[in-house]
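Peer 1: structure.cif is reproduced below (mmCIF, C-alpha atoms and all ligand atoms).
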```cif
data_protein
#
loop_
_atom_site.label_atom_id
_atom_site.label_comp_id
_atom_site.auth_asym_id
_atom_site.auth_seq_id
_atom_site.Cartn_x
_atom_site.Cartn_y
_atom_site.Cartn_z
CA MET M 1 96.08 -123.80 114.77
CA ILE M 2 92.76 -124.25 116.55
CA THR M 3 90.98 -121.15 117.90
CA GLY M 4 87.97 -120.46 120.13
CA HIS M 5 85.32 -117.86 119.28
CA GLY M 6 82.47 -116.47 121.37
CA PHE M 7 79.09 -115.20 120.22
CA ILE M 8 76.85 -114.42 123.15
CA ALA M 9 74.22 -112.02 124.42
CA THR M 10 74.24 -110.40 127.82
CA SER M 11 72.03 -108.07 129.83
CA LEU M 12 73.46 -104.59 130.33
CA ASP M 13 74.45 -105.67 133.84
CA GLY M 14 76.40 -108.66 132.58
CA PHE M 15 74.12 -111.69 132.89
CA ILE M 16 73.55 -114.31 130.21
CA ALA M 17 70.70 -116.06 132.05
CA ARG M 18 68.62 -115.71 135.18
CA PRO M 19 69.78 -117.69 138.22
CA ASP M 20 67.61 -120.65 137.15
CA GLY M 21 68.96 -120.55 133.59
CA ASP M 22 65.93 -118.79 132.08
CA ILE M 23 66.66 -116.84 128.88
CA GLY M 24 63.07 -115.72 128.17
CA TRP M 25 64.13 -112.11 128.80
CA LEU M 26 66.53 -112.50 125.84
CA LEU M 27 64.23 -114.37 123.49
CA SER M 28 61.42 -111.87 124.04
CA ARG M 29 63.73 -108.98 123.09
CA THR M 30 65.19 -110.58 119.97
CA ASP M 31 63.52 -109.23 116.85
CA PRO M 32 63.56 -112.01 114.24
CA ALA M 33 63.44 -109.34 111.52
CA GLU M 34 66.89 -108.10 112.57
CA ASP M 35 70.01 -109.89 111.39
CA HIS M 36 72.34 -110.09 114.38
CA GLY M 37 74.95 -111.98 112.41
CA TYR M 38 74.61 -115.44 113.93
CA ASP M 39 74.37 -117.22 110.57
CA ALA M 40 77.48 -115.44 109.28
CA PHE M 41 79.28 -116.20 112.55
CA ILE M 42 78.48 -119.90 112.59
CA ALA M 43 79.21 -120.38 108.89
CA ASP M 44 82.97 -120.58 109.36
CA LYS M 45 82.96 -122.52 112.65
CA ASP M 46 83.34 -126.27 112.38
CA VAL M 47 82.36 -127.41 115.87
CA ILE M 48 80.27 -126.07 118.75
CA LEU M 49 81.59 -126.48 122.26
CA MET M 50 79.36 -125.69 125.22
CA GLY M 51 79.09 -126.20 128.95
CA ARG M 52 76.58 -128.47 130.58
CA GLY M 53 74.56 -125.41 131.68
CA THR M 54 74.02 -124.31 128.09
CA PHE M 55 73.31 -127.83 126.95
CA GLU M 56 70.60 -128.14 129.62
CA THR M 57 68.80 -125.28 127.82
CA VAL M 58 69.33 -126.29 124.21
CA ARG M 59 68.67 -130.00 124.68
CA GLY M 60 64.96 -129.16 124.90
CA PHE M 61 64.90 -127.23 121.63
CA THR M 62 62.91 -128.71 118.78
CA PRO M 63 64.12 -128.96 116.11
CA TRP M 64 67.73 -129.49 117.18
CA PRO M 65 69.32 -126.08 116.47
CA TYR M 66 72.78 -127.16 115.26
CA GLU M 67 73.93 -128.54 111.94
CA LYS M 68 77.51 -128.93 113.13
CA PRO M 69 79.06 -131.31 115.65
CA VAL M 70 78.47 -130.38 119.30
CA VAL M 71 80.80 -131.10 122.20
CA VAL M 72 79.47 -130.68 125.75
CA LEU M 73 81.91 -130.26 128.61
CA SER M 74 80.57 -131.94 131.72
CA SER M 75 81.80 -133.98 134.64
CA THR M 76 78.26 -135.01 135.61
CA LEU M 77 76.35 -135.87 132.43
CA CYS M 78 76.37 -139.40 131.15
CA HIS M 79 76.33 -139.79 127.38
CA ARG M 80 74.15 -142.90 127.49
CA SER M 81 71.37 -141.05 129.32
CA LEU M 82 70.90 -138.45 126.58
CA PRO M 83 68.27 -139.40 124.03
CA GLU M 84 69.15 -136.42 121.79
CA CYS M 85 72.64 -137.84 121.31
CA ALA M 86 71.19 -140.75 119.41
CA THR M 87 70.08 -138.51 116.56
CA ALA M 88 72.32 -135.45 116.80
CA ASP M 89 76.11 -135.28 116.61
CA VAL M 90 76.68 -134.62 120.32
CA ARG M 91 79.56 -135.76 122.49
CA ILE M 92 79.92 -135.35 126.24
CA LEU M 93 83.51 -134.94 127.41
CA ASP M 94 84.96 -134.56 130.88
CA VAL M 95 88.25 -132.86 130.02
CA THR M 96 89.93 -129.50 130.54
CA PRO M 97 89.68 -126.62 128.03
CA SER M 98 93.20 -127.24 126.69
CA GLU M 99 92.61 -130.99 126.50
CA VAL M 100 89.43 -130.58 124.47
CA MET M 101 91.11 -128.11 122.11
CA HIS M 102 94.04 -130.51 121.54
CA LEU M 103 91.61 -133.35 120.96
CA LEU M 104 89.53 -131.37 118.48
CA GLU M 105 92.65 -130.12 116.70
CA ALA M 106 93.87 -133.69 116.31
CA GLU M 107 90.51 -134.51 114.70
CA GLY M 108 90.98 -131.71 112.16
CA PHE M 109 88.74 -129.04 113.68
CA ARG M 110 90.06 -125.48 113.51
CA ARG M 111 87.43 -122.92 114.50
CA VAL M 112 85.43 -123.61 117.64
CA TYR M 113 82.29 -121.77 118.75
CA VAL M 114 82.69 -121.66 122.53
CA ASP M 115 79.37 -121.13 124.32
CA GLY M 116 78.24 -120.83 127.95
CA GLY M 117 79.27 -118.31 130.59
CA ARG M 118 81.35 -120.51 132.84
CA VAL M 119 82.95 -122.24 129.88
CA ILE M 120 83.83 -118.94 128.21
CA GLN M 121 85.35 -117.82 131.52
CA SER M 122 87.51 -120.91 131.76
CA PHE M 123 88.56 -120.63 128.12
CA LEU M 124 89.50 -116.98 128.65
CA GLN M 125 91.53 -117.99 131.70
CA ALA M 126 93.33 -120.58 129.58
CA GLY M 127 93.98 -118.11 126.74
CA LEU M 128 91.87 -120.14 124.32
CA ILE M 129 89.48 -117.45 123.04
CA ALA M 130 90.60 -115.53 119.95
CA ASP M 131 87.62 -113.22 119.60
CA MET M 132 84.13 -112.56 120.93
CA VAL M 133 80.97 -111.00 119.59
CA ILE M 134 79.03 -109.63 122.56
CA THR M 135 75.46 -108.44 122.11
CA VAL M 136 74.21 -106.24 124.92
CA VAL M 137 70.47 -106.38 125.54
CA PRO M 138 68.90 -103.24 127.03
CA VAL M 139 67.67 -104.75 130.28
CA LEU M 140 68.97 -104.97 133.84
CA LEU M 141 68.37 -108.35 135.46
CA GLY M 142 69.96 -107.62 138.82
CA GLN M 143 71.08 -111.19 139.29
CA GLY M 144 71.81 -114.25 137.24
CA ARG M 145 74.56 -116.23 135.57
CA ARG M 146 77.50 -114.06 134.68
CA LEU M 147 79.18 -113.82 131.31
CA PHE M 148 82.52 -112.85 132.83
CA GLY M 149 84.14 -113.70 136.13
CA PRO M 150 87.41 -113.71 138.02
CA LEU M 151 90.65 -113.82 136.04
CA PRO M 152 94.21 -114.53 137.13
CA GLN M 153 95.30 -111.48 135.13
CA ASP M 154 93.84 -108.83 132.85
CA VAL M 155 92.72 -109.93 129.41
CA ALA M 156 93.40 -107.11 126.95
CA LEU M 157 90.95 -106.75 124.10
CA VAL M 158 91.00 -104.89 120.82
CA HIS M 159 87.65 -103.38 119.91
CA GLU M 160 86.98 -104.15 116.25
CA ALA M 161 83.43 -102.99 115.61
CA THR M 162 80.16 -101.96 117.21
CA GLN M 163 76.74 -101.99 115.63
CA SER M 164 73.43 -100.94 117.14
CA PHE M 165 70.03 -102.23 116.09
CA PRO M 166 66.59 -100.55 116.10
CA SER M 167 65.50 -103.01 118.80
CA GLY M 168 68.12 -101.49 121.12
CA LEU M 169 70.61 -104.33 120.96
CA VAL M 170 74.23 -103.18 120.77
CA GLN M 171 76.73 -105.64 119.36
CA SER M 172 80.49 -105.35 119.63
CA ARG M 173 83.29 -107.51 118.34
CA TYR M 174 86.52 -107.83 120.30
CA ARG M 175 89.77 -109.59 119.51
CA VAL M 176 91.71 -110.99 122.44
CA VAL M 177 95.28 -109.74 122.58
CA ARG M 178 97.68 -112.67 122.86
N1 LIG C 1 72.66 -115.12 126.67
C1 LIG C 1 73.19 -115.99 125.81
O1 LIG C 1 73.51 -115.66 124.65
C2 LIG C 1 73.46 -117.38 126.27
C3 LIG C 1 74.37 -118.18 125.55
C4 LIG C 1 74.63 -119.43 126.05
C5 LIG C 1 74.02 -119.89 127.20
N2 LIG C 1 73.14 -119.09 127.83
C6 LIG C 1 72.50 -119.55 129.06
O2 LIG C 1 73.48 -119.55 130.08
C7 LIG C 1 73.24 -120.64 130.95
C8 LIG C 1 74.46 -121.54 130.98
O3 LIG C 1 75.62 -120.82 131.28
P1 LIG C 1 76.47 -121.19 132.56
O4 LIG C 1 77.56 -120.19 132.69
O5 LIG C 1 75.54 -121.39 133.69
O6 LIG C 1 77.02 -122.64 132.20
P2 LIG C 1 77.93 -123.26 131.03
O7 LIG C 1 79.19 -122.51 130.89
O8 LIG C 1 77.11 -123.49 129.81
O9 LIG C 1 78.20 -124.70 131.67
C9 LIG C 1 78.92 -124.79 132.89
C10 LIG C 1 79.04 -126.25 133.24
O10 LIG C 1 79.84 -126.92 132.30
C11 LIG C 1 80.59 -127.94 132.93
N3 LIG C 1 82.02 -127.75 132.70
C12 LIG C 1 82.87 -128.72 132.34
N4 LIG C 1 84.09 -128.24 132.14
C13 LIG C 1 84.03 -126.92 132.39
C14 LIG C 1 84.99 -125.90 132.36
N5 LIG C 1 86.26 -126.11 132.00
N6 LIG C 1 84.60 -124.65 132.68
C15 LIG C 1 83.33 -124.39 133.00
N7 LIG C 1 82.36 -125.35 133.05
C16 LIG C 1 82.72 -126.60 132.75
C17 LIG C 1 80.22 -127.88 134.40
O11 LIG C 1 79.16 -128.81 134.52
P3 LIG C 1 79.34 -130.23 135.28
O12 LIG C 1 78.94 -129.96 136.68
O13 LIG C 1 78.43 -131.15 134.56
O14 LIG C 1 80.80 -130.60 135.15
C18 LIG C 1 79.70 -126.48 134.57
O15 LIG C 1 78.77 -126.38 135.61
C19 LIG C 1 72.03 -121.37 130.43
O16 LIG C 1 70.88 -120.90 131.10
C20 LIG C 1 71.98 -120.95 128.97
O17 LIG C 1 70.69 -121.00 128.44
C21 LIG C 1 72.85 -117.85 127.41
#
```
What does this structure look like when you write it as structure tokens?
Ligand SMILES: NC(=O)c1ccc[n+]([C@@H]2O[C@H](COP(=O)([O-])OP(=O)(O)OC[C@H]3O[C@@H](n4cnc5c(N)ncnc54)[C@H](OP(=O)(O)O)[C@@H]3O)[C@@H](O)[C@H]2O)c1
Peer 2:
Amino acid sequence: MITGHGFIATSLDGFIARPDGDIGWLLSRTDPAEDHGYDAFIADKDVILMGRGTFETVRGFTPWPYEKPVVVLSSTLCHRSLPECATADVRILDVTPSEVMHLLEAEGFRRVYVDGGRVIQSFLQAGLIADMVITVVPVLLGQGRRLFGPLPQDVALVHEATQSFPSGLVQSRYRVVR
């Protein structure tokens, strides 16, 4: 069975980026000497699925930050217009969350890193997230792009662990109750 997994950082007031997509506030507060568990998290994922908003940020990163296949959900991006797709394993798909999970499952993928606020919201709505690692950064942004949003019904979570770091980051892992 294919499952979706989140690993994302948020301001204390619930934003993953400023309104214009800026994440400098996050990068400047991330101490490279601290191990926040990203390498361990990504090690057992076999594909990365993100929204167009997240891709618009990472597409400028040099070197390309992913060693695994990347799927971008977008109804507006055109695959042919993306130079990075020529060298990296990146696919643009205009499909629903359940359609992309069925497609990836049929291709043999099992554990999907789901990234991007709006995409995580739509995957939560569709019941396609199994667990999430949320890292809370000690800053209030006041406005920005939200990690969570409206839901048709409550999503119950089981708290599995919380770890705090000297930098002030607080990281919690939650399992979604099915
Ligand atoms: N703090 C962190 O750890 C962290 C992590 C990841 C990203 N970020 C930042 O967050 C920002 C992006 O997040 P975001 O919430 O704005 O966007 P997002 O979730 O990455 O992407 C949303 C876009 O994806 C497309 N899309 C296609 N199918 C969708 C679906 N089923 N549900 C939702 N979107 C779908 C839509 O674009 P189309 O109009 O093209 O269809 C939509 O506008 C960026 O600035 C990124 O750098 C921060």
Peer 1: Please, which residues have at least one atom within 8 Å of an atom of ligand LIG 1 (chain C), using only C-alpha atoms and all ligand atoms, listed as a ChimeraX atom specification?
Peer 2: /M:7-11,15-23,26,50-58,72-77,93-97,115-123,135,145-147
Peer 1: Could you give me, as number ranges by chain, the residues that have an atom at most 6 Å away from the point (77.3, -132.6, 115.6) in the coordinates of the file, using all atoms listed in the file?
Peer 2: M: 68-70, 88-90
Peer 1: Compare M:Arg173, M:Lys45, M:His159, M:His79 by their minimum atom-to-atom distance to Thr3 in chain M, counting all atoms listed in the file, and give me the closest one.
Peer 2: M:Lys45
Peer 1: CA of Pro32 in chain M and CA of Leu141 in chain M, how far apart in Å?
Peer 2: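 Distance reported for this atom pair: 22.1 Å.
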Peer 1: Counting all atoms listed in the file, what is within 9 Å of Glu160 in chain M, bar same-chain residues fewer than 6 positions away, as an MDAnalysis selection string?
Peer 2: chainID M and resid 172:175
Peer 1: So that I can see what lies close to Val71 in chain M, please list as an MDAnalysis selection string the residues with an atom at most 6 Å from it, counting all atoms listed in the file and leaving out residues fewer than 3 positions away in the same chain.
Peer 2: chainID M and resid 49 90:92
Peer 1: Would you mind telling me which residue in M:Val155, M:Leu82, M:Ile42, M:Val170 lies nearest to Pro65 in chain M when using only C-alpha atoms?
Peer 2: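 That would be M:Ile42, the residue with the smallest distance to Pro65 in chain M.
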Peer 1: Calculate how many Å separate CA of Val136 in chain M from CA of Ile2 in chain M, rounding to one decimal.
Peer 2: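 So the two atoms, CA of Val136 in chain M and CA of Ile2 in chain M, lie 27.2 Å apart.
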Peer 1: Just to confirm, what's the straight-line distance from CA of Leu169 in chain M to CA of Asp131 in chain M in Å (one decimal)?
Peer 2: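 Interatomic distance, CA of Leu169 in chain M to CA of Asp131 in chain M: 19.2 Å.
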Peer 1: From the set M:Pro166, M:Ile134, M:Gln171, M:Ala126, which residue has the shortest atom-to-atom contact distance to Leu151 in chain M, counting only C-alpha atoms?
Peer 2: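 Result for the nearest residue to Leu151 in chain M: M:Ala126.
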